[in-house]
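Everything below belongs to protein_35.tsv, which stores TSV, C-alpha atoms and all ligand atoms.
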chain	number	residue	atom	x	y	z
P	277	MET	CA	11.71	-27.74	17.59
P	278	ARG	CA	11.98	-25.01	20.24
P	279	ASN	CA	9.06	-22.63	20.11
P	280	PHE	CA	8.02	-19.81	22.40
P	281	GLU	CA	4.74	-17.97	22.78
P	282	ILE	CA	3.96	-14.81	20.82
P	283	SER	CA	3.99	-11.92	23.29
P	284	GLU	CA	1.47	-9.11	22.86
P	285	GLU	CA	3.55	-7.03	25.27
P	286	ARG	CA	6.76	-7.40	23.26
P	287	LEU	CA	4.94	-6.52	20.03
P	288	ILE	CA	3.60	-3.33	21.60
P	289	ASP	CA	7.01	-2.49	23.11
P	290	ASP	CA	8.59	-2.84	19.66
P	291	ILE	CA	5.93	-0.59	18.11
P	292	GLY	CA	6.54	1.95	20.88
P	293	ALA	CA	10.32	1.78	20.42
P	294	ILE	CA	10.05	2.38	16.66
P	295	ALA	CA	7.55	5.22	17.25
P	296	GLY	CA	10.16	6.78	19.56
P	297	TRP	CA	12.15	7.76	16.48
P	298	SER	CA	10.39	10.52	14.63
P	299	GLU	CA	11.69	13.66	12.90
P	300	SER	CA	8.94	15.70	14.52
P	301	ASP	CA	7.07	15.79	17.81
P	302	PRO	CA	4.98	12.57	17.91
P	303	ALA	CA	2.02	14.64	19.11
P	304	SER	CA	1.69	15.93	15.55
P	305	GLY	CA	2.31	12.52	13.98
P	306	TYR	CA	5.25	10.24	13.21
P	307	ASP	CA	7.79	11.31	10.59
P	308	ARG	CA	10.32	8.77	9.42
P	309	PRO	CA	11.27	9.58	5.84
P	310	THR	CA	13.50	6.96	4.22
P	311	PHE	CA	17.22	7.57	4.94
P	312	SER	CA	16.48	10.20	7.60
P	313	SER	CA	18.19	9.84	10.97
P	314	SER	CA	14.93	8.73	12.63
P	315	TRP	CA	14.42	6.09	9.92
P	316	ALA	CA	18.03	4.96	10.32
P	317	SER	CA	17.62	4.67	14.12
P	318	ALA	CA	14.39	2.70	13.84
P	319	ARG	CA	15.99	0.40	11.26
P	320	GLU	CA	19.03	-0.04	13.51
P	321	TYR	CA	16.70	-0.95	16.38
P	322	VAL	CA	15.22	-3.77	14.28
P	323	ALA	CA	18.69	-4.89	13.17
P	324	ASP	CA	20.01	-4.80	16.75
P	325	GLU	CA	17.07	-6.81	18.08
P	326	ALA	CA	17.71	-9.41	15.36
P	327	ARG	CA	21.44	-9.49	16.11
P	328	ARG	CA	20.71	-9.95	19.83
P	329	LEU	CA	18.86	-13.13	18.80
P	330	GLY	CA	21.97	-14.30	16.98
P	331	CYS	CA	20.59	-13.49	13.53
P	332	SER	CA	22.69	-12.58	10.56
P	333	VAL	CA	21.68	-9.15	9.20
P	334	LYS	CA	22.31	-7.81	5.69
P	335	ALA	CA	21.16	-4.97	3.47
P	336	ASP	CA	20.50	-5.55	-0.23
P	337	PRO	CA	21.51	-3.14	-3.03
P	338	ALA	CA	18.14	-1.34	-2.79
P	339	GLY	CA	18.49	-0.64	0.93
P	340	ASN	CA	16.03	-3.34	2.06
P	341	LEU	CA	17.11	-4.89	5.37
P	342	HIS	CA	17.15	-8.70	5.80
P	343	ALA	CA	17.69	-10.85	8.90
P	344	ARG	CA	17.96	-14.64	9.16
P	345	PRO	CA	18.34	-16.87	12.23
P	346	ALA	CA	21.85	-18.15	12.86
P	347	GLY	CA	20.93	-21.69	11.87
P	348	LEU	CA	19.46	-20.70	8.51
P	349	SER	CA	22.01	-20.11	5.76
P	350	TRP	CA	21.29	-17.42	3.16
P	351	ASP	CA	20.97	-20.09	0.44
P	352	GLU	CA	18.21	-22.11	2.10
P	353	PRO	CA	14.54	-21.66	1.22
P	354	ALA	CA	12.77	-19.41	3.72
P	355	TRP	CA	9.53	-17.61	4.40
P	356	LEU	CA	9.88	-13.88	3.87
P	357	CYS	CA	7.99	-11.78	6.45
P	358	GLY	CA	8.03	-8.06	6.99
P	359	SER	CA	6.89	-4.67	5.76
P	360	HIS	CA	8.21	-1.09	6.07
P	361	ILE	CA	9.11	1.48	8.74
P	362	ASP	CA	9.15	4.68	6.67
P	363	THR	CA	6.09	6.88	7.11
P	364	VAL	CA	4.15	9.55	5.27
P	365	PRO	CA	4.53	13.02	6.84
P	366	SER	CA	2.64	13.07	10.17
P	367	GLY	CA	1.80	9.39	9.79
P	368	GLY	CA	0.69	6.79	12.32
P	369	LYS	CA	2.47	4.28	14.54
P	370	TYR	CA	1.16	1.13	12.90
P	371	ASP	CA	1.33	1.44	9.10
P	372	GLY	CA	4.12	-0.92	8.00
P	373	VAL	CA	5.52	-1.20	11.53
P	374	VAL	CA	3.03	-3.94	12.49
P	375	GLY	CA	4.37	-6.25	9.77
P	376	VAL	CA	7.98	-5.60	10.81
P	377	VAL	CA	7.47	-6.21	14.56
P	378	ILE	CA	5.55	-9.41	13.80
P	379	ALA	CA	8.51	-10.62	11.72
P	380	LEU	CA	10.81	-9.76	14.62
P	381	GLU	CA	8.56	-11.66	17.01
P	382	LEU	CA	8.72	-14.68	14.67
P	383	LEU	CA	12.52	-14.60	14.88
P	384	ARG	CA	12.29	-14.47	18.67
P	385	THR	CA	9.68	-17.17	19.15
P	386	GLN	CA	10.39	-19.54	16.25
P	387	PRO	CA	14.19	-19.64	16.31
P	388	GLU	CA	14.35	-22.79	14.21
P	389	ALA	CA	11.70	-21.86	11.66
P	390	PRO	CA	12.93	-20.87	8.19
P	391	VAL	CA	11.96	-17.19	8.45
P	392	GLU	CA	13.68	-14.17	6.96
P	393	LEU	CA	12.70	-10.73	8.20
P	394	VAL	CA	12.57	-7.94	5.62
P	395	VAL	CA	12.23	-4.19	6.09
P	396	PHE	CA	11.45	-2.71	2.67
P	397	ALA	CA	13.02	0.65	1.86
P	398	GLU	CA	11.03	3.69	0.70
P	399	GLU	CA	7.55	2.12	0.66
P	400	GLU	CA	5.67	5.40	0.95
P	401	GLY	CA	7.58	7.16	-1.84
P	402	THR	CA	7.69	10.44	0.06
P	403	THR	CA	11.49	10.74	-0.09
P	404	LEU	CA	12.30	9.90	-3.71
P	405	GLY	CA	8.87	10.17	-5.31
P	406	ILE	CA	8.29	6.49	-6.20
P	407	ALA	CA	6.38	4.31	-3.76
P	408	MET	CA	7.62	0.78	-3.02
P	409	LEU	CA	11.01	1.63	-4.46
P	410	GLY	CA	12.86	-1.08	-2.49
P	411	SER	CA	10.56	-3.88	-3.63
P	412	ARG	CA	10.38	-2.55	-7.23
P	413	ALA	CA	14.16	-2.55	-7.42
P	414	TRP	CA	14.21	-6.11	-6.03
P	415	ALA	CA	11.53	-7.33	-8.42
P	416	GLY	CA	13.37	-5.68	-11.30
P	417	THR	CA	10.32	-3.69	-12.37
P	418	LEU	CA	12.25	-0.42	-12.14
P	419	PRO	CA	15.51	-0.42	-14.13
P	420	ALA	CA	18.64	1.09	-12.58
P	421	GLU	CA	18.61	3.71	-15.39
P	422	GLN	CA	15.28	5.03	-14.17
P	423	ILE	CA	16.30	4.81	-10.51
P	424	LYS	CA	19.35	6.98	-11.32
P	425	THR	CA	17.08	9.88	-12.24
P	426	LEU	CA	15.39	9.99	-8.79
P	427	ARG	CA	16.27	12.80	-6.40
P	428	ASN	CA	15.21	13.70	-2.88
P	429	ARG	CA	14.23	17.25	-1.88
P	430	ALA	CA	17.86	18.17	-1.31
P	431	GLY	CA	18.65	17.08	-4.89
P	432	ILE	CA	20.56	13.97	-3.76
P	433	ASP	CA	20.06	10.78	-5.77
P	434	PHE	CA	19.09	7.32	-4.44
P	435	ALA	CA	22.68	6.06	-4.44
P	436	GLY	CA	23.98	9.12	-2.59
P	437	ALA	CA	21.18	9.23	-0.03
P	438	GLY	CA	21.19	5.48	0.56
P	439	ALA	CA	24.93	4.64	0.38
P	440	ALA	CA	25.16	4.28	4.16
P	441	PHE	CA	22.30	1.76	4.08
P	442	GLY	CA	23.70	-0.55	1.43
P	443	VAL	CA	22.25	1.06	-1.70
P	444	ALA	CA	24.41	0.17	-4.69
P	445	LEU	CA	22.88	1.05	-8.07
P	446	ASP	CA	25.40	-1.02	-10.03
P	447	LYS	CA	24.04	-4.12	-8.30
P	448	ILE	CA	20.37	-3.42	-9.01
P	449	GLY	CA	19.72	-6.02	-11.65
P	450	PRO	CA	18.58	-9.65	-11.74
P	451	GLU	CA	22.14	-11.00	-11.91
P	452	SER	CA	23.86	-8.98	-9.20
P	453	PHE	CA	21.15	-8.22	-6.64
P	454	GLY	CA	22.19	-11.16	-4.47
P	455	PHE	CA	18.81	-12.11	-3.02
P	456	PRO	CA	17.23	-14.41	-5.65
P	457	LEU	CA	13.46	-14.45	-5.27
P	458	ASP	CA	13.18	-18.14	-6.14
P	459	ARG	CA	14.95	-18.81	-2.83
P	460	TYR	CA	11.77	-18.08	-0.91
P	461	LYS	CA	8.87	-20.34	0.04
P	462	GLY	CA	6.68	-17.26	0.00
P	463	LEU	CA	6.11	-13.76	1.29
P	464	ILE	CA	3.60	-13.02	4.04
P	465	GLU	CA	3.10	-9.32	4.80
P	466	VAL	CA	0.94	-8.33	7.75
P	467	HIS	CA	-0.37	-4.77	7.41
P	468	VAL	CA	-3.03	-2.60	9.01
P	469	GLU	CA	-6.21	-2.54	6.93
P	470	GLN	CA	-6.34	1.27	6.48
P	471	GLY	CA	-10.10	0.92	5.99
P	472	ALA	CA	-12.97	0.40	8.42
P	473	GLY	CA	-14.25	-2.98	7.17
P	474	LEU	CA	-12.84	-5.20	9.93
P	475	TRP	CA	-13.21	-2.63	12.73
P	476	LYS	CA	-16.91	-2.14	11.96
P	477	LYS	CA	-17.48	-5.90	12.11
P	478	GLY	CA	-15.40	-6.30	15.28
P	479	LEU	CA	-13.07	-8.77	13.53
P	480	PRO	CA	-9.32	-8.93	14.22
P	481	ALA	CA	-7.91	-9.80	10.81
P	482	ALA	CA	-8.57	-10.80	7.21
P	483	VAL	CA	-6.82	-12.67	4.41
P	484	VAL	CA	-6.11	-10.33	1.53
P	485	THR	CA	-6.83	-12.32	-1.61
P	486	THR	CA	-6.46	-9.53	-4.17
P	487	VAL	CA	-4.91	-6.13	-4.63
P	488	ASN	CA	-7.42	-3.96	-6.43
P	489	GLY	CA	-6.84	-2.97	-10.02
P	490	ARG	CA	-6.82	0.74	-10.74
P	491	ARG	CA	-7.86	2.87	-13.68
P	492	GLN	CA	-7.26	6.59	-13.64
P	493	TYR	CA	-8.79	9.05	-16.06
P	494	SER	CA	-8.56	12.69	-16.99
P	495	GLY	CA	-11.19	14.50	-19.02
P	496	GLY	CA	-13.45	17.48	-19.18
P	497	PHE	CA	-16.59	19.26	-20.30
P	498	ARG	CA	-16.46	22.19	-22.71
P	499	GLY	CA	-19.25	24.78	-22.81
P	500	VAL	CA	-19.18	28.52	-23.40
P	501	ALA	CA	-17.89	31.00	-20.84
P	502	ASN	CA	-20.41	33.81	-20.70
P	503	HIS	CA	-21.72	36.70	-18.61
P	504	ALA	CA	-23.40	35.47	-15.42
P	505	GLY	CA	-25.73	38.48	-15.40
P	506	SER	CA	-26.92	38.78	-18.98
P	507	THR	CA	-27.08	35.14	-20.20
P	508	ALA	CA	-30.55	33.66	-19.71
P	509	MET	CA	-30.72	30.27	-18.00
P	510	ALA	CA	-32.05	28.69	-21.20
P	511	ASP	CA	-29.09	29.96	-23.24
P	512	ARG	CA	-26.27	28.61	-21.14
P	513	LEU	CA	-23.69	25.94	-21.92
P	514	ASP	CA	-22.40	25.55	-18.38
P	515	ALA	CA	-19.45	23.14	-18.21
P	516	LEU	CA	-19.44	23.04	-14.42
P	517	ALA	CA	-23.14	22.13	-14.20
P	518	GLY	CA	-22.38	19.21	-16.54
P	519	ALA	CA	-19.40	18.18	-14.43
P	520	ALA	CA	-21.46	18.44	-11.23
P	521	GLU	CA	-24.10	16.11	-12.67
P	522	PHE	CA	-21.33	13.77	-13.78
P	523	VAL	CA	-19.72	13.72	-10.30
P	524	LEU	CA	-23.01	12.78	-8.63
P	525	GLY	CA	-23.71	10.18	-11.33
P	526	LEU	CA	-20.27	8.69	-10.68
P	527	GLU	CA	-21.00	8.51	-6.96
P	528	ALA	CA	-24.16	6.51	-7.72
P	529	LEU	CA	-22.23	4.30	-10.16
P	530	GLY	CA	-19.54	3.71	-7.52
P	531	LYS	CA	-22.20	2.44	-5.12
P	532	GLU	CA	-23.57	0.12	-7.82
P	533	PHE	CA	-20.06	-1.20	-8.52
P	534	ASP	CA	-19.49	-1.83	-4.80
P	535	ALA	CA	-22.79	-3.73	-4.60
P	536	LEU	CA	-21.69	-5.88	-7.57
P	537	ARG	CA	-18.22	-6.50	-6.14
P	538	SER	CA	-17.43	-5.40	-2.62
P	539	GLY	CA	-14.36	-3.20	-2.35
P	540	SER	CA	-14.95	-1.37	-5.65
P	541	VAL	CA	-14.58	2.40	-5.34
P	542	LEU	CA	-14.91	5.34	-7.72
P	543	THR	CA	-13.66	8.83	-6.88
P	544	THR	CA	-13.63	12.20	-8.59
P	545	GLY	CA	-10.48	13.48	-6.95
P	546	ALA	CA	-9.80	16.65	-8.92
P	547	LEU	CA	-11.92	19.30	-10.61
P	548	THR	CA	-10.57	22.41	-12.34
P	549	ILE	CA	-12.95	25.13	-13.41
P	550	VAL	CA	-12.09	27.79	-15.99
P	551	PRO	CA	-12.24	30.72	-15.58
P	552	ASN	CA	-13.37	30.08	-11.97
P	553	ALA	CA	-14.79	33.56	-11.46
P	554	VAL	CA	-17.93	34.55	-9.59
P	555	ASN	CA	-19.54	36.39	-12.50
P	556	VAL	CA	-18.65	34.05	-15.38
P	557	ILE	CA	-20.51	30.89	-16.44
P	558	PRO	CA	-17.77	28.22	-16.46
P	559	GLY	CA	-16.68	27.38	-19.99
P	560	LYS	CA	-14.41	24.50	-19.00
P	561	ALA	CA	-14.52	21.90	-16.25
P	562	ASP	CA	-11.72	19.34	-16.17
P	563	PHE	CA	-11.82	16.30	-13.89
P	564	MET	CA	-9.65	13.39	-12.77
P	565	LEU	CA	-11.13	10.04	-11.74
P	566	ASP	CA	-9.76	7.09	-9.80
P	567	PHE	CA	-11.58	3.76	-10.18
P	568	ARG	CA	-10.49	0.64	-8.27
P	569	SER	CA	-11.90	-2.84	-8.01
P	570	PRO	CA	-10.81	-6.37	-7.13
P	571	SER	CA	-12.56	-7.52	-10.34
P	572	ASN	CA	-11.00	-6.99	-13.77
P	573	GLU	CA	-14.38	-7.71	-15.39
P	574	LEU	CA	-15.95	-4.94	-13.34
P	575	LEU	CA	-13.10	-2.57	-14.21
P	576	ALA	CA	-13.86	-3.20	-17.89
P	577	SER	CA	-17.66	-3.00	-17.68
P	578	GLY	CA	-17.41	-0.04	-15.27
P	579	ASP	CA	-15.23	1.78	-17.79
P	580	ARG	CA	-18.05	1.45	-20.34
P	581	SER	CA	-20.67	2.69	-17.84
P	582	ILE	CA	-18.55	5.74	-16.95
P	583	ARG	CA	-18.11	6.61	-20.63
P	584	ARG	CA	-21.86	6.19	-21.31
P	585	LEU	CA	-22.67	8.53	-18.42
P	586	LEU	CA	-20.20	11.11	-19.70
P	587	SER	CA	-21.55	11.15	-23.23
P	588	SER	CA	-25.20	11.16	-22.14
P	589	ILE	CA	-24.68	14.20	-19.89
P	590	GLY	CA	-22.65	15.96	-22.58
P	591	GLY	CA	-25.30	15.24	-25.22
P	592	LYS	CA	-28.22	16.30	-23.06
P	593	ARG	CA	-26.56	19.59	-22.10
P	594	GLY	CA	-25.01	20.41	-25.47
P	595	LEU	CA	-21.51	20.24	-24.03
P	596	GLU	CA	-18.44	18.70	-25.56
P	597	ALA	CA	-17.28	15.91	-23.26
P	598	GLY	CA	-14.33	13.57	-23.39
P	599	MET	CA	-11.93	11.62	-21.24
P	600	GLU	CA	-8.94	9.31	-21.47
P	601	CYS	CA	-7.61	6.53	-19.28
P	602	PHE	CA	-3.99	7.36	-18.38
P	603	GLU	CA	-3.35	4.42	-16.06
P	604	ASN	CA	-4.70	0.89	-16.26
P	605	LEU	CA	-3.34	-1.54	-13.65
P	606	PRO	CA	-5.18	-4.87	-13.52
P	607	ALA	CA	-6.33	-6.40	-10.24
P	608	LEU	CA	-3.70	-8.76	-8.89
P	609	PRO	CA	-4.70	-11.95	-7.10
P	610	PHE	CA	-2.42	-13.22	-4.33
P	611	ASP	CA	-1.28	-16.85	-4.23
P	612	PRO	CA	-4.43	-18.99	-3.64
P	613	GLU	CA	-2.48	-21.74	-1.86
P	614	LEU	CA	-0.81	-19.34	0.55
P	615	CYS	CA	-4.16	-17.58	1.19
P	616	ASP	CA	-5.58	-21.00	2.00
P	617	ARG	CA	-2.73	-21.72	4.40
P	618	LEU	CA	-3.59	-18.52	6.27
P	619	ARG	CA	-7.32	-19.40	6.32
P	620	GLN	CA	-6.56	-22.86	7.70
P	621	ALA	CA	-4.25	-21.36	10.33
P	622	GLY	CA	-7.06	-18.99	11.40
P	623	ALA	CA	-9.52	-21.90	11.58
P	624	LYS	CA	-7.08	-23.94	13.66
P	625	LEU	CA	-6.70	-21.08	16.13
P	626	GLY	CA	-10.43	-20.28	16.16
P	627	ILE	CA	-9.81	-16.79	14.72
P	628	PRO	CA	-12.47	-15.73	12.20
P	629	LEU	CA	-10.68	-14.72	9.04
P	630	PRO	CA	-12.78	-13.28	6.21
P	631	ASP	CA	-11.37	-12.54	2.74
P	632	ALA	CA	-10.61	-8.94	1.84
P	633	SER	CA	-9.17	-7.01	-1.08
P	634	SER	CA	-6.63	-4.25	-0.71
P	635	GLY	CA	-7.50	-0.83	-2.11
P	636	ALA	CA	-3.96	0.39	-1.52
P	637	LEU	CA	-0.77	-0.93	-3.09
P	638	HIS	CA	1.87	-2.57	-0.91
P	639	ASP	CA	5.32	-4.11	-1.38
P	640	SER	CA	3.54	-7.48	-1.53
P	641	ALA	CA	1.75	-6.42	-4.71
P	642	ILE	CA	5.10	-5.63	-6.34
P	643	LEU	CA	6.64	-8.99	-5.39
P	644	ALA	CA	3.53	-11.14	-5.96
P	645	PRO	CA	4.37	-11.90	-9.60
P	646	CYS	CA	7.81	-13.17	-8.48
P	647	LEU	CA	7.02	-15.52	-5.55
P	648	PRO	CA	3.98	-16.96	-3.71
P	649	THR	CA	2.61	-13.96	-1.82
P	650	ALA	CA	-0.26	-13.22	0.53
P	651	MET	CA	-1.19	-10.58	3.07
P	652	LEU	CA	-3.02	-10.43	6.36
P	653	PHE	CA	-4.87	-7.27	7.31
P	654	VAL	CA	-5.21	-6.27	10.96
P	655	ALA	CA	-8.25	-4.16	11.92
P	656	SER	CA	-7.64	-0.38	11.91
P	657	LYS	CA	-9.64	1.67	14.42
P	658	ASP	CA	-12.34	3.53	12.47
P	659	GLY	CA	-10.35	2.80	9.31
P	660	ILE	CA	-8.02	5.75	10.02
P	661	SER	CA	-4.48	5.59	8.59
P	662	HIS	CA	-1.72	7.99	7.45
P	663	ASN	CA	-2.76	9.93	10.54
P	664	PRO	CA	-1.39	10.06	14.12
P	665	ALA	CA	-4.77	8.72	15.33
P	666	GLU	CA	-4.03	5.39	13.58
P	667	PHE	CA	-4.57	2.49	16.00
P	668	SER	CA	-4.80	-1.29	15.96
P	669	ARG	CA	-5.65	-3.42	18.99
P	670	PRO	CA	-2.66	-5.22	20.56
P	671	GLU	CA	-4.69	-8.46	20.73
P	672	ASP	CA	-5.45	-8.24	17.00
P	673	ILE	CA	-1.78	-7.73	16.16
P	674	ALA	CA	-0.86	-10.72	18.33
P	675	ALA	CA	-3.63	-12.79	16.68
P	676	ALA	CA	-2.17	-11.99	13.25
P	677	ALA	CA	1.29	-13.06	14.50
P	678	ARG	CA	-0.13	-16.38	15.74
P	679	ILE	CA	-1.82	-16.96	12.38
P	680	VAL	CA	1.49	-16.47	10.58
P	681	VAL	CA	3.20	-18.88	13.00
P	682	ALA	CA	0.55	-21.52	12.37
P	683	ALA	CA	0.62	-20.93	8.60
P	684	ILE	CA	4.37	-21.47	8.28
P	685	ALA	CA	4.46	-24.34	10.79
P	686	ARG	CA	3.46	-26.75	8.01
P	687	GLY	CA	6.87	-26.22	6.44
P	701	ZN	ZN	2.09	0.71	4.65

Translate the structure described by the file into structure tokens.
Amino acid sequence: MRNFEISEERLIDDIGAIAGWSESDPASGYDRPTFSSSWASAREYVADEARRLGCSVKADPAGNLHARPAGLSWDEPAWLCGSHIDTVPSGGKYDGVVGVVIALELLRTQPEAPVELVVFAEEEGTTLGIAMLGSRAWAGTLPAEQIKTLRNRAGIDFAGAGAAFGVALDKIGPESFGFPLDRYKGLIEVHVEQGAGLWKKGLPAAVVTTVNGRRQYSGGFRGVANHAGSTAMADRLDALAGAAEFVLGLEALGKEFDALRSGSVLTTGALTIVPNAVNVIPGKADFMLDFRSPSNELLASGDRSIRRLLSSIGGKRGLEAGMECFENLPALPFDPELCDRLRQAGAKLGIPLPDASSGALHDSAILAPCLPTAMLFVASKDGISHNPAEFSRPEDIAAAARIVVAAIARG
């Protein structure tokens, strides 16, 4: 089998070429909304590079781009590798792009390996409002009826905006999609970590074994709005003071959860105070919480701890307090066998490869229930992502590429 060496230089050139297409001045960040001309040019760059290698290139009915080596027919089993090239507004150079250029480098260096490159469409969800739209449509978790209701800012629907890129709503369905998921040996997505864990430890990469589960809550404290000048401290029912105590209690609980299971996080992301006036004791304080963990047991026991904290603060302060969980997504483990393949590949190459969980959702999480799936994280400088300062070391990106090569070499 003809094999060539992974080239750090080529990987960085590809990242630079894709970064060259941005709707705005790259100094203020990279803007490649799905279906924009910069997104189309970056996607065409990937397609052209694949065609130059003799690959066959196709788009599926959700606008995801696929490329296979000339010697690999579309019916044969293959490893699926790739990620996305759309960005958030003023995003970074590496998010998504790293996984795509590694897939391209696999096509260049492993011309006889059964590898299919994929560029997922609309991963960030900033164009049509639903993240991971391309993979959801492929997995069949988003029916065509629902997709039909989506509109971009100009009021154009998915079919209209994506027609030039292969989008065909009448083919979004398990029968007509044309890229059966049981055709794949597995999906390996390389992605920047978007957290500081690996960078702080000076490690290049990690095997992502789980995508964190997520519970989101909304709730509030109810007291009595009253005059800030004439109501004695002892007579107050201050909803904001209750909420403030709750927020700090949640921060402490979050740290306990993280100590019990690393990667667990708890955030009070929104607080609304009524009437929010300088001379009125707040009568209402509404909050929204986001709780994530790789452990479903911890998500369940943590839910009970959060509710106990809420009712104890409410009771102590004479405030009405309540909350409801409006989203409950369980933690999703990736394929243990494929994770093990990646670990063994790291060991073979002498690259230390710890396990990690992903706090963010990715296309891999959408497809994981449909085919063996795993992810590799590459260290992100200072954990910064969705920001023009995003950076990953070229040698770490190349190391991740070599791990994927070794992992799929076993057939
Ligand atoms: Zn991403």

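Distance annotation: of P:Asp307, P:Asp611, P:Asp458, P:Glu398, the residue with the minimal separation from Ala644 in chain P is P:Asp611; atom set is all atoms listed in the file.
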
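Neighbours of Thr310 in chain P closer than or equal to 7 Å, with all atoms listed in the file counted and sequence neighbours fewer than 6 positions away skipped, come out as Asp362, Ala397, Glu398 and Thr403 of chain P.
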
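For ligand ZN 701 (chain P), the neighbouring protein, DNA and RNA residues, which are those within 8 Å when only C-alpha atoms and all ligand atoms are counted, are Ser359, His360, Thr363, Asp371, Gly372, Val373, Glu399, Glu400, His467, Val468 and His638 of chain P.
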
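Taking CA of Ala636 in chain P and CA of Gln470 in chain P as the two end points, the separation is 8.4 Å.
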
Residue neighbourhood range 433-448 of chain P, 12 Å, all atoms listed in the file, exclusion window fewer than 2 positions, as a JSON list (two decimals) with C-alpha atoms, in the frame of the given file:
[["chain", "number", "residue", "atom", "x", "y", "z"],
["P", 309, "PRO", "CA", 11.27, 9.58, 5.84],
["P", 310, "THR", "CA", 13.50, 6.96, 4.22],
["P", 311, "PHE", "CA", 17.22, 7.57, 4.94],
["P", 312, "SER", "CA", 16.48, 10.20, 7.60],
["P", 313, "SER", "CA", 18.19, 9.84, 10.97],
["P", 315, "TRP", "CA", 14.42, 6.09, 9.92],
["P", 316, "ALA", "CA", 18.03, 4.96, 10.32],
["P", 317, "SER", "CA", 17.62, 4.67, 14.12],
["P", 319, "ARG", "CA", 15.99, 0.40, 11.26],
["P", 320, "GLU", "CA", 19.03, -0.04, 13.51],
["P", 323, "ALA", "CA", 18.69, -4.89, 13.17],
["P", 333, "VAL", "CA", 21.68, -9.15, 9.20],
["P", 334, "LYS", "CA", 22.31, -7.81, 5.69],
["P", 335, "ALA", "CA", 21.16, -4.97, 3.47],
["P", 336, "ASP", "CA", 20.50, -5.55, -0.23],
["P", 337, "PRO", "CA", 21.51, -3.14, -3.03],
["P", 338, "ALA", "CA", 18.14, -1.34, -2.79],
["P", 339, "GLY", "CA", 18.49, -0.64, 0.93],
["P", 340, "ASN", "CA", 16.03, -3.34, 2.06],
["P", 341, "LEU", "CA", 17.11, -4.89, 5.37],
["P", 342, "HIS", "CA", 17.15, -8.70, 5.80],
["P", 395, "VAL", "CA", 12.23, -4.19, 6.09],
["P", 396, "PHE", "CA", 11.45, -2.71, 2.67],
["P", 397, "ALA", "CA", 13.02, 0.65, 1.86],
["P", 398, "GLU", "CA", 11.03, 3.69, 0.70],
["P", 401, "GLY", "CA", 7.58, 7.16, -1.84],
["P", 403, "THR", "CA", 11.49, 10.74, -0.09],
["P", 404, "LEU", "CA", 12.30, 9.90, -3.71],
["P", 405, "GLY", "CA", 8.87, 10.17, -5.31],
["P", 406, "ILE", "CA", 8.29, 6.49, -6.20],
["P", 409, "LEU", "CA", 11.01, 1.63, -4.46],
["P", 410, "GLY", "CA", 12.86, -1.08, -2.49],
["P", 411, "SER", "CA", 10.56, -3.88, -3.63],
["P", 412, "ARG", "CA", 10.38, -2.55, -7.23],
["P", 413, "ALA", "CA", 14.16, -2.55, -7.42],
["P", 414, "TRP", "CA", 14.21, -6.11, -6.03],
["P", 415, "ALA", "CA", 11.53, -7.33, -8.42],
["P", 416, "GLY", "CA", 13.37, -5.68, -11.30],
["P", 417, "THR", "CA", 10.32, -3.69, -12.37],
["P", 418, "LEU", "CA", 12.25, -0.42, -12.14],
["P", 419, "PRO", "CA", 15.51, -0.42, -14.13],
["P", 420, "ALA", "CA", 18.64, 1.09, -12.58],
["P", 421, "GLU", "CA", 18.61, 3.71, -15.39],
["P", 422, "GLN", "CA", 15.28, 5.03, -14.17],
["P", 423, "ILE", "CA", 16.30, 4.81, -10.51],
["P", 424, "LYS", "CA", 19.35, 6.98, -11.32],
["P", 425, "THR", "CA", 17.08, 9.88, -12.24],
["P", 426, "LEU", "CA", 15.39, 9.99, -8.79],
["P", 427, "ARG", "CA", 16.27, 12.80, -6.40],
["P", 428, "ASN", "CA", 15.21, 13.70, -2.88],
["P", 429, "ARG", "CA", 14.23, 17.25, -1.88],
["P", 430, "ALA", "CA", 17.86, 18.17, -1.31],
["P", 431, "GLY", "CA", 18.65, 17.08, -4.89],
["P", 450, "PRO", "CA", 18.58, -9.65, -11.74],
["P", 451, "GLU", "CA", 22.14, -11.00, -11.91],
["P", 452, "SER", "CA", 23.86, -8.98, -9.20],
["P", 453, "PHE", "CA", 21.15, -8.22, -6.64],
["P", 454, "GLY", "CA", 22.19, -11.16, -4.47],
["P", 455, "PHE", "CA", 18.81, -12.11, -3.02],
["P", 456, "PRO", "CA", 17.23, -14.41, -5.65]]
